[in-house]
>>> print(open('work.txt').read())   # compact mmCIF, C-alpha atoms
# COMPACT_ATOMS: atom_id res chain seq x y z
CA MET H 19 253.86 77.45 201.93
CA GLY H 20 251.61 76.31 199.16
CA GLY H 21 253.03 74.50 196.23
CA SER H 22 253.84 70.84 196.09
CA ASP H 23 253.81 70.93 199.90
CA ARG H 24 252.98 67.26 200.27
CA LEU H 25 256.29 66.12 198.80
CA PRO H 26 258.76 64.38 201.09
CA ALA H 27 261.88 66.22 202.16
CA ALA H 28 265.07 65.06 200.52
CA GLU H 29 267.10 65.70 203.67
CA PRO H 30 268.04 65.75 206.47
CA CYS H 31 267.44 62.60 208.48
CA ARG H 32 265.62 63.64 211.62
CA GLN H 33 266.46 60.96 214.18
CA GLY H 34 265.16 61.72 217.65
CA LEU H 35 263.01 64.71 216.70
CA GLY H 36 259.66 62.98 216.85
CA LEU H 37 259.61 62.08 213.16
CA ALA H 38 258.86 58.51 212.18
CA GLY H 39 261.53 56.83 210.11
CA ARG H 40 263.10 53.56 209.15
CA THR H 41 266.39 52.57 210.72
CA THR H 42 268.88 51.13 208.27
CA GLY H 43 271.73 48.76 208.88
CA ALA H 44 274.25 51.51 208.30
CA PRO H 45 276.64 52.43 211.11
CA GLY H 46 274.89 54.66 213.60
CA GLY H 47 271.45 53.47 212.57
CA THR H 48 270.82 56.24 210.03
CA VAL H 49 267.17 57.15 209.55
CA GLU H 50 266.04 57.22 205.96
CA PRO H 51 264.21 60.37 204.86
CA VAL H 52 260.43 59.99 204.95
CA ALA H 53 257.52 62.26 204.15
CA THR H 54 257.26 64.86 206.90
CA ILE H 55 254.17 66.69 205.69
CA HIS H 56 251.12 64.53 206.14
CA GLY H 57 248.02 64.37 208.28
CA THR H 58 247.15 67.21 210.63
CA GLY H 59 250.60 67.42 212.17
CA SER H 60 251.41 68.72 215.64
CA ASP H 61 248.40 70.26 217.34
CA GLU H 62 248.60 73.97 218.07
CA ARG H 63 247.47 73.32 221.64
CA ALA H 64 250.59 71.24 222.17
CA TRP H 65 252.74 74.06 220.81
CA GLN H 66 251.07 76.51 223.19
CA GLN H 67 252.07 74.21 226.05
CA CYS H 68 255.71 74.05 224.93
CA ASP H 69 257.04 75.87 227.99
CA TRP H 70 260.66 75.64 226.86
CA LEU H 71 259.94 77.65 223.71
CA TRP H 72 257.75 80.36 225.19
CA LYS H 73 260.08 80.86 228.16
CA GLN H 74 262.83 81.94 225.78
CA PRO H 75 263.65 85.64 226.27
CA SER H 76 261.49 87.82 224.04
CA ILE H 77 263.52 89.97 221.66
CA GLY H 78 262.56 93.39 220.37
CA LEU H 79 262.39 94.27 216.70
CA ALA H 80 265.31 96.69 216.94
CA ASP H 81 267.54 94.01 218.46
CA LEU H 82 266.37 91.39 215.98
CA CYS H 83 266.93 93.55 212.91
CA GLY H 84 270.03 95.32 214.19
CA ASP H 85 271.36 97.98 211.85
CA ALA H 86 269.94 96.39 208.70
CA ALA H 87 269.11 98.93 206.02
CA ARG H 88 267.04 96.41 204.10
CA ILE H 89 265.22 93.18 204.82
CA VAL H 90 265.29 90.57 202.07
CA VAL H 91 262.72 87.79 202.50
CA VAL H 92 263.33 84.61 200.52
CA ALA H 93 259.95 82.90 200.02
CA PRO H 94 259.80 79.52 198.26
CA HIS H 95 256.06 79.98 197.63
CA PRO H 96 253.77 83.02 197.88
CA ASP H 97 252.46 83.14 201.47
CA ASP H 98 255.62 81.84 203.17
CA GLU H 99 256.83 85.39 203.69
CA ILE H 100 253.58 86.36 205.45
CA LEU H 101 253.13 83.16 207.46
CA GLY H 102 256.68 83.16 208.78
CA CYS H 103 257.57 86.85 208.89
CA GLY H 104 254.43 88.97 208.46
CA GLY H 105 254.63 90.53 211.90
CA LEU H 106 258.30 91.34 211.55
CA LEU H 107 257.67 92.92 208.16
CA CYS H 108 254.93 95.12 209.65
CA GLY H 109 257.33 96.41 212.26
CA ALA H 110 260.12 96.93 209.76
CA VAL H 111 257.90 99.03 207.49
CA GLU H 112 256.84 101.16 210.45
CA ARG H 113 260.51 101.79 211.24
CA GLY H 114 261.20 102.81 207.65
CA VAL H 115 263.31 99.78 206.79
CA ALA H 116 263.20 98.82 203.12
CA VAL H 117 261.77 95.39 202.28
CA GLN H 118 262.39 93.15 199.28
CA VAL H 119 260.44 89.93 198.79
CA VAL H 120 262.06 87.25 196.65
CA ALA H 121 259.27 85.03 195.31
CA VAL H 122 261.31 81.99 194.30
CA THR H 123 258.38 80.10 192.73
CA ASP H 124 254.77 81.02 192.09
CA GLY H 125 253.42 77.98 193.94
CA GLU H 126 251.57 76.83 190.85
CA ALA H 127 251.80 73.11 191.65
CA CYS H 128 249.70 73.21 194.83
CA TYR H 129 246.63 71.47 193.37
CA PRO H 130 247.90 68.98 190.78
CA ASP H 131 244.57 67.16 190.45
CA GLU H 132 242.37 70.22 189.93
CA ARG H 133 240.93 70.57 186.43
CA TRP H 134 239.94 74.23 186.58
CA TRP H 135 242.73 75.49 188.81
CA THR H 136 245.48 74.73 186.33
CA PRO H 137 249.12 75.65 187.04
CA GLN H 138 248.84 78.72 184.81
CA ARG H 139 245.69 79.95 186.56
CA LEU H 140 247.32 79.33 189.91
CA ARG H 141 250.50 81.12 188.85
CA ASN H 142 248.52 84.23 187.95
CA ALA H 143 246.26 84.03 190.99
CA ARG H 144 249.06 83.54 193.47
CA ARG H 145 251.04 86.46 192.12
CA GLU H 146 248.00 88.67 192.57
CA GLU H 147 247.40 87.26 196.05
CA LEU H 148 250.96 88.07 197.02
CA ARG H 149 250.60 91.67 195.87
CA ALA H 150 247.34 92.03 197.80
CA ALA H 151 248.79 90.44 200.93
CA LEU H 152 251.84 92.69 200.98
CA ALA H 153 249.63 95.73 200.42
CA GLU H 154 247.96 94.89 203.75
CA LEU H 155 251.39 95.44 205.31
CA ALA H 156 252.00 98.68 203.36
CA ILE H 157 254.54 96.99 201.10
CA GLY H 158 254.22 97.87 197.43
CA ALA H 159 254.33 95.55 194.44
CA ASP H 160 257.66 97.07 193.43
CA ALA H 161 259.20 95.27 196.41
CA ILE H 162 258.51 91.85 194.84
CA CYS H 163 261.03 90.04 192.67
CA HIS H 164 259.53 87.01 190.91
CA LEU H 165 262.20 84.47 189.95
CA GLY H 166 259.75 82.09 188.26
CA ILE H 167 261.48 78.85 189.24
CA ASP H 168 259.12 75.91 188.79
CA ASP H 169 257.21 74.96 191.92
CA GLY H 170 258.78 71.81 193.35
CA ALA H 171 262.06 72.32 191.47
CA VAL H 172 263.98 74.71 193.72
CA GLY H 173 266.50 72.01 194.59
CA ALA H 174 267.36 71.57 190.93
CA HIS H 175 268.05 75.32 190.71
CA GLU H 176 269.66 75.76 194.12
CA GLN H 177 273.02 76.92 192.76
CA GLU H 178 271.34 79.39 190.40
CA LEU H 179 269.31 80.79 193.30
CA GLU H 180 272.43 81.09 195.42
CA GLY H 181 274.24 82.94 192.63
CA TRP H 182 271.34 85.34 192.10
CA LEU H 183 271.17 86.09 195.81
CA GLN H 184 274.91 86.67 196.00
CA ARG H 185 274.64 89.26 193.24
CA THR H 186 271.65 90.90 194.94
CA LEU H 187 272.55 90.97 198.63
CA ARG H 188 274.41 93.80 200.36
CA ASP H 189 276.40 93.65 203.55
CA ASP H 190 273.80 95.81 205.35
CA ASP H 191 270.90 93.45 204.54
CA LEU H 192 269.08 91.14 206.90
CA VAL H 193 268.11 87.97 205.03
CA LEU H 194 265.05 86.02 206.19
CA ALA H 195 264.87 82.54 204.68
CA PRO H 196 263.14 79.25 205.47
CA TRP H 197 264.59 76.94 208.06
CA ARG H 198 267.03 74.66 206.26
CA PHE H 199 265.39 71.61 207.88
CA ASP H 200 261.79 72.71 207.39
CA GLY H 201 260.55 69.45 205.89
CA HIS H 202 259.68 70.65 202.38
CA PRO H 203 262.32 70.29 199.65
CA ASP H 204 261.67 73.75 198.16
CA HIS H 205 261.94 75.35 201.59
CA GLU H 206 265.11 73.52 202.47
CA ALA H 207 266.80 74.28 199.14
CA ALA H 208 265.89 77.97 199.42
CA GLY H 209 267.18 78.04 202.99
CA ARG H 210 270.50 76.47 202.05
CA ALA H 211 270.99 78.82 199.10
CA ALA H 212 270.20 81.86 201.24
CA CYS H 213 272.53 80.67 204.00
CA ARG H 214 275.50 80.39 201.67
CA ALA H 215 274.70 83.61 199.81
CA ALA H 216 274.34 85.62 203.03
CA HIS H 217 277.66 84.27 204.27
CA ALA H 218 279.35 85.27 201.02
CA ALA H 219 277.79 88.74 201.16
CA GLY H 220 278.71 89.21 204.80
CA CYS H 221 275.17 90.08 205.86
CA ALA H 222 272.99 89.00 208.75
CA ARG H 223 270.59 86.07 208.34
CA LEU H 224 267.70 84.51 210.22
CA GLU H 225 265.63 81.44 209.41
CA TYR H 226 261.90 81.05 209.87
CA PRO H 227 260.05 77.72 210.27
CA VAL H 228 256.84 77.07 208.32
CA TRP H 229 256.37 73.32 207.91
CA GLY H 230 258.61 72.70 210.91
CA TRP H 231 255.60 73.57 213.08
CA HIS H 232 253.80 70.66 211.40
CA TRP H 233 256.20 67.74 211.68
CA LEU H 234 258.27 68.67 214.72
CA GLU H 235 256.90 67.46 218.04
CA PRO H 236 256.75 70.34 220.54
CA ALA H 237 258.30 68.21 223.27
CA HIS H 238 261.40 67.82 221.09
CA ALA H 239 261.70 71.42 219.90
CA HIS H 240 264.72 72.02 222.13
CA MET H 241 266.59 69.34 220.19
CA ALA H 242 266.06 71.14 216.89
CA TRP H 243 266.18 74.81 217.85
CA GLU H 244 269.17 75.67 220.00
CA ALA H 245 268.45 79.35 220.61
CA PRO H 246 265.18 80.52 219.03
CA LYS H 247 264.47 84.23 218.93
CA VAL H 248 260.88 84.99 219.94
CA LEU H 249 259.47 88.23 218.55
CA ASP H 250 256.32 89.80 220.02
CA ILE H 251 254.02 90.80 217.14
CA SER H 252 250.96 91.68 219.21
CA ASN H 253 250.62 95.03 217.46
CA ALA H 254 250.63 93.40 214.03
CA ILE H 255 248.34 90.40 214.54
CA ASP H 256 245.32 91.94 212.80
CA ARG H 257 247.29 93.11 209.79
CA LYS H 258 249.00 89.76 209.46
CA ALA H 259 245.60 88.03 209.59
CA ARG H 260 244.26 90.28 206.84
CA ALA H 261 247.32 89.54 204.74
CA ILE H 262 246.93 85.79 205.18
CA ALA H 263 243.26 86.06 204.17
CA ARG H 264 244.38 87.41 200.79
CA PHE H 265 245.76 83.98 199.86
CA ARG H 266 242.33 82.75 198.85
CA THR H 267 243.56 79.83 196.78
CA GLN H 268 245.42 78.52 199.81
CA ILE H 269 242.69 78.92 202.44
CA GLY H 270 240.01 77.63 200.05
CA THR H 271 237.82 80.70 199.56
CA VAL H 272 237.94 80.65 195.76
CA PRO H 273 235.25 79.10 193.53
CA ARG H 274 235.67 75.78 191.70
CA LEU H 275 238.24 74.42 194.15
CA ARG H 276 237.40 70.82 195.01
CA ALA H 277 240.54 69.85 196.90
CA GLU H 278 241.18 70.38 200.58
CA PRO H 279 242.90 73.76 200.94
CA ILE H 280 246.60 73.91 201.65
CA LEU H 281 245.93 76.13 204.67
CA PRO H 282 242.99 74.68 206.65
CA ALA H 283 242.11 76.06 210.07
CA HIS H 284 244.42 73.80 212.08
CA ILE H 285 247.43 75.00 210.08
CA LEU H 286 246.40 78.66 210.14
CA ALA H 287 246.23 78.45 213.93
CA ARG H 288 250.03 78.16 214.02
CA PHE H 289 250.36 81.55 212.36
CA SER H 290 247.78 83.41 214.43
CA ARG H 291 249.97 83.71 217.50
CA LYS H 292 251.22 86.88 219.12
CA ASN H 293 254.78 85.72 218.48
CA GLU H 294 256.97 84.80 215.53
CA VAL H 295 260.00 82.57 215.97
CA PHE H 296 263.31 83.02 214.17
CA LEU H 297 266.41 80.86 214.23
CA ALA H 298 269.93 82.24 214.10
>>> encode(input="work.txt", output="structure tokens")
Amino acid sequence: MGGSDRLPAAEPCRQGLGLAGRTTGAPGGTVEPVATIHGTGSDERAWQQCDWLWKQPSIGLADLCGDAARIVVVAPHPDDEILGCGGLLCGAVERGVAVQVVAVTDGEACYPDERWWTPQRLRNARREELRAALAELAIGADAICHLGIDDGAVGAHEQELEGWLQRTLRDDDLVLAPWRFDGHPDHEAAGRAACRAAHAAGCARLEYPVWGWHWLEPAHAHMAWEAPKVLDISNAIDRKARAIARFRTQIGTVPRLRAEPILPAHILARFSRKNEVFLA
């Protein structure tokens, strides 16, 4: 989630989804892309009152994962895999399903104005945070594959990422990737690459929202998510919370950090629920 998270999304135009925009004179009144990640975003209390979402049938882990022999999580920045999928990963490990985490970038661009927390320091710190977070879920460091793409530049390397994933994926994998319309350009590029690669490999795929919880208005969720799959992670909430706490640079518990943390309390609240949501 961290990284250059305050960048505007390159696409898509989100007309009618509760996102402010500017209507052009083009046929159909196309909405120009605008920054979707700003301010405090949608309040968690409003999400909790989104009856349409929480009345969706709850799905069990076995049904969600199917016969997958391995789960491959595509994470644009270290922490996305825990925020979006931490509960699912806990359950998968308990069932003996192999897990591979693809760390697309190291999230080193999250604090561009910090003098002490330079990109190189952040790169090293966030790699260590990822290892520590996954250890809380009983996932070893050998499950991590660091691609080292520059933070904020996933779109420029989208085809390379797609090609790497195609060579890596197997037909018995379940791929978890960011929602292709998540509102952050790195997330969206990673989601598109994973979508095409999974299709080519013939494997199952699910998308997880991260920044979508921020910019999407709960009252309009039904317009964006046709058939969300709601997974009960009650048994994994504590472990997921401990894993999130390992991302100290993101929640602001490291010394010499002057900037507002990427993950303040109002954002963390979205990932402290007893459910995770996945999109087919």
>>> closest_residue(input="work.txt", among="H:His95, H:Arg139, H:Arg144, H:His240", to="Val228 in chain H", atoms="only C-alpha atoms")
H:His95
>>> closest_residue(input="work.txt", among="H:Glu235, H:Glu132, H:Asp189, H:Asp160", to="Asp85 in chain H", atoms="all atoms listed in the file")
H:Asp189
>>> closest_residue(input="work.txt", among="H:Ala287, H:Pro203, H:Glu178, H:Trp243", to="Gln74 in chain H", atoms="only C-alpha atoms")
H:Trp243
>>> closest_residue(input="work.txt", among="H:Phe199, H:Phe265, H:Tyr226, H:Tyr129", to="Arg145 in chain H", atoms="all atoms listed in the file")
H:Phe265
>>> closest_residue(input="work.txt", among="H:Ala151, H:Ile285, H:Cys221, H:Ala216", to="Arg260 in chain H", atoms="only C-alpha atoms")
H:Ala151
>>> closest_residue(input="work.txt", among="H:His175, H:Arg149, H:His232, H:Arg210", to="Ser60 in chain H", atoms="only C-alpha atoms")
H:His232
>>> axis_aligned_box(input="work.txt", around="range 267-274 of chain H", padding_each_side="4 Å", output="lines of an AutoDock Vina configuration file")
center_x = 240.3
center_y = 78.2
center_z = 197.1
size_x = 18.2
size_y = 12.9
size_z = 18.7
>>> atom_distance(input="work.txt", atom1="CA of Ile251 in chain H", atom2="CA of Ile77 in chain H")
10.6 Å
>>> closest_atom_pairs(input="work.txt", of="range 157-210 of chain H", to="range 97-121 of chain H", cutoff="12 Å", atoms="all atoms listed in the file", output="CSV")
residue,atom,partner,partner_atom,distance
H:Ile157,CA,H:Val117,CA,7.5
H:Gly158,CA,H:Val117,CA,9.3
H:Ala159,CA,H:Val119,CA,9.4
H:Asp160,CA,H:Gln118,CA,8.5
H:Ala161,CA,H:Gln118,CA,4.8
H:Ile162,CA,H:Val119,CA,4.8
H:Cys163,CA,H:Val120,CA,5.0
H:His164,CA,H:Ala121,CA,4.8
H:Leu165,CA,H:Ala121,CA,6.1
H:Gly166,CA,H:Ala121,CA,7.7
H:Ile167,CA,H:Ala121,CA,8.9
H:Asp168,CA,H:Ala121,CA,11.2
H:Asp169,CA,H:Ala121,CA,10.8
H:Val172,CA,H:Ala121,CA,11.5
H:Leu179,CA,H:Val120,CA,10.3
H:Trp182,CA,H:Val120,CA,10.5
H:Leu183,CA,H:Val120,CA,9.2
H:Thr186,CA,H:Val120,CA,10.4
H:Leu187,CA,H:Gln118,CA,10.4
H:Asp190,CA,H:Ala116,CA,11.2
H:Asp191,CA,H:Ala116,CA,9.5
H:Leu192,CA,H:Val117,CA,9.6
H:Val193,CA,H:Gln118,CA,9.6
H:Leu194,CA,H:Cys103,CA,8.0
H:Ala195,CA,H:Glu99,CA,8.6
H:Pro196,CA,H:Gly102,CA,8.2
H:Trp197,CA,H:Gly102,CA,10.1
H:Asp200,CA,H:Gly102,CA,11.7
H:His202,CA,H:Asp98,CA,11.9
H:Asp204,CA,H:Asp98,CA,11.3
H:His205,CA,H:Asp98,CA,9.2
H:Ala208,CA,H:Val120,CA,10.4
>>> write_last_selection(input="work.txt", atoms="C-alpha atoms", output="CSV table (one decimal), in the coordinates of the input")
chain,number,residue,atom,x,y,z
H,157,ILE,CA,254.5,97.0,201.1
H,158,GLY,CA,254.2,97.9,197.4
H,159,ALA,CA,254.3,95.6,194.4
H,160,ASP,CA,257.7,97.1,193.4
H,161,ALA,CA,259.2,95.3,196.4
H,162,ILE,CA,258.5,91.8,194.8
H,163,CYS,CA,261.0,90.0,192.7
H,164,HIS,CA,259.5,87.0,190.9
H,165,LEU,CA,262.2,84.5,190.0
H,166,GLY,CA,259.8,82.1,188.3
H,167,ILE,CA,261.5,78.8,189.2
H,168,ASP,CA,259.1,75.9,188.8
H,169,ASP,CA,257.2,75.0,191.9
H,172,VAL,CA,264.0,74.7,193.7
H,179,LEU,CA,269.3,80.8,193.3
H,182,TRP,CA,271.3,85.3,192.1
H,183,LEU,CA,271.2,86.1,195.8
H,186,THR,CA,271.6,90.9,194.9
H,187,LEU,CA,272.6,91.0,198.6
H,190,ASP,CA,273.8,95.8,205.4
H,191,ASP,CA,270.9,93.4,204.5
H,192,LEU,CA,269.1,91.1,206.9
H,193,VAL,CA,268.1,88.0,205.0
H,194,LEU,CA,265.0,86.0,206.2
H,195,ALA,CA,264.9,82.5,204.7
H,196,PRO,CA,263.1,79.2,205.5
H,197,TRP,CA,264.6,76.9,208.1
H,200,ASP,CA,261.8,72.7,207.4
H,202,HIS,CA,259.7,70.6,202.4
H,204,ASP,CA,261.7,73.8,198.2
H,205,HIS,CA,261.9,75.4,201.6
H,208,ALA,CA,265.9,78.0,199.4
>>> residues_near_point(input="work.txt", point="(240.6, 74.9, 202.4)", cutoff="9 Å", atoms="all atoms listed in the file", output="PyMOL selection string")
chain H and resi 266-271+275+277-283
>>> write_last_selection(input="work.txt", atoms="C-alpha atoms", output="mmCIF file, keeping the file's coordinate frame")
data_model
loop_
_atom_site.group_PDB
_atom_site.id
_atom_site.type_symbol
_atom_site.label_atom_id
_atom_site.label_comp_id
_atom_site.auth_asym_id
_atom_site.auth_seq_id
_atom_site.Cartn_x
_atom_site.Cartn_y
_atom_site.Cartn_z
ATOM 1 C CA ARG H 266 242.330 82.750 198.850
ATOM 2 C CA THR H 267 243.560 79.830 196.780
ATOM 3 C CA GLN H 268 245.420 78.520 199.810
ATOM 4 C CA ILE H 269 242.690 78.920 202.440
ATOM 5 C CA GLY H 270 240.010 77.630 200.050
ATOM 6 C CA THR H 271 237.820 80.700 199.560
ATOM 7 C CA LEU H 275 238.240 74.420 194.150
ATOM 8 C CA ALA H 277 240.540 69.850 196.900
ATOM 9 C CA GLU H 278 241.180 70.380 200.580
ATOM 10 C CA PRO H 279 242.900 73.760 200.940
ATOM 11 C CA ILE H 280 246.600 73.910 201.650
ATOM 12 C CA LEU H 281 245.930 76.130 204.670
ATOM 13 C CA PRO H 282 242.990 74.680 206.650
ATOM 14 C CA ALA H 283 242.110 76.060 210.070
#
>>> residues_around(input="work.txt", residues="Ala259 in chain H", least_positions_apart="4", cutoff="9 Å", atoms="only C-alpha atoms", output="PyMOL selection string")
chain H and resi 104+254-255+263-264+289-290
>>> residues_near_point(input="work.txt", point="(261.3, 80.1, 218.6)", cutoff="12 Å", atoms="all atoms listed in the file", output="VMD selection string")
chain H and resid 65 to 66 68 to 77 102 197 224 to 228 230 to 231 236 239 to 240 242 to 250 291 293 to 298
>>> atom_distance(input="work.txt", atom1="CA of Pro96 in chain H", atom2="CA of Leu140 in chain H")
10.9 Å
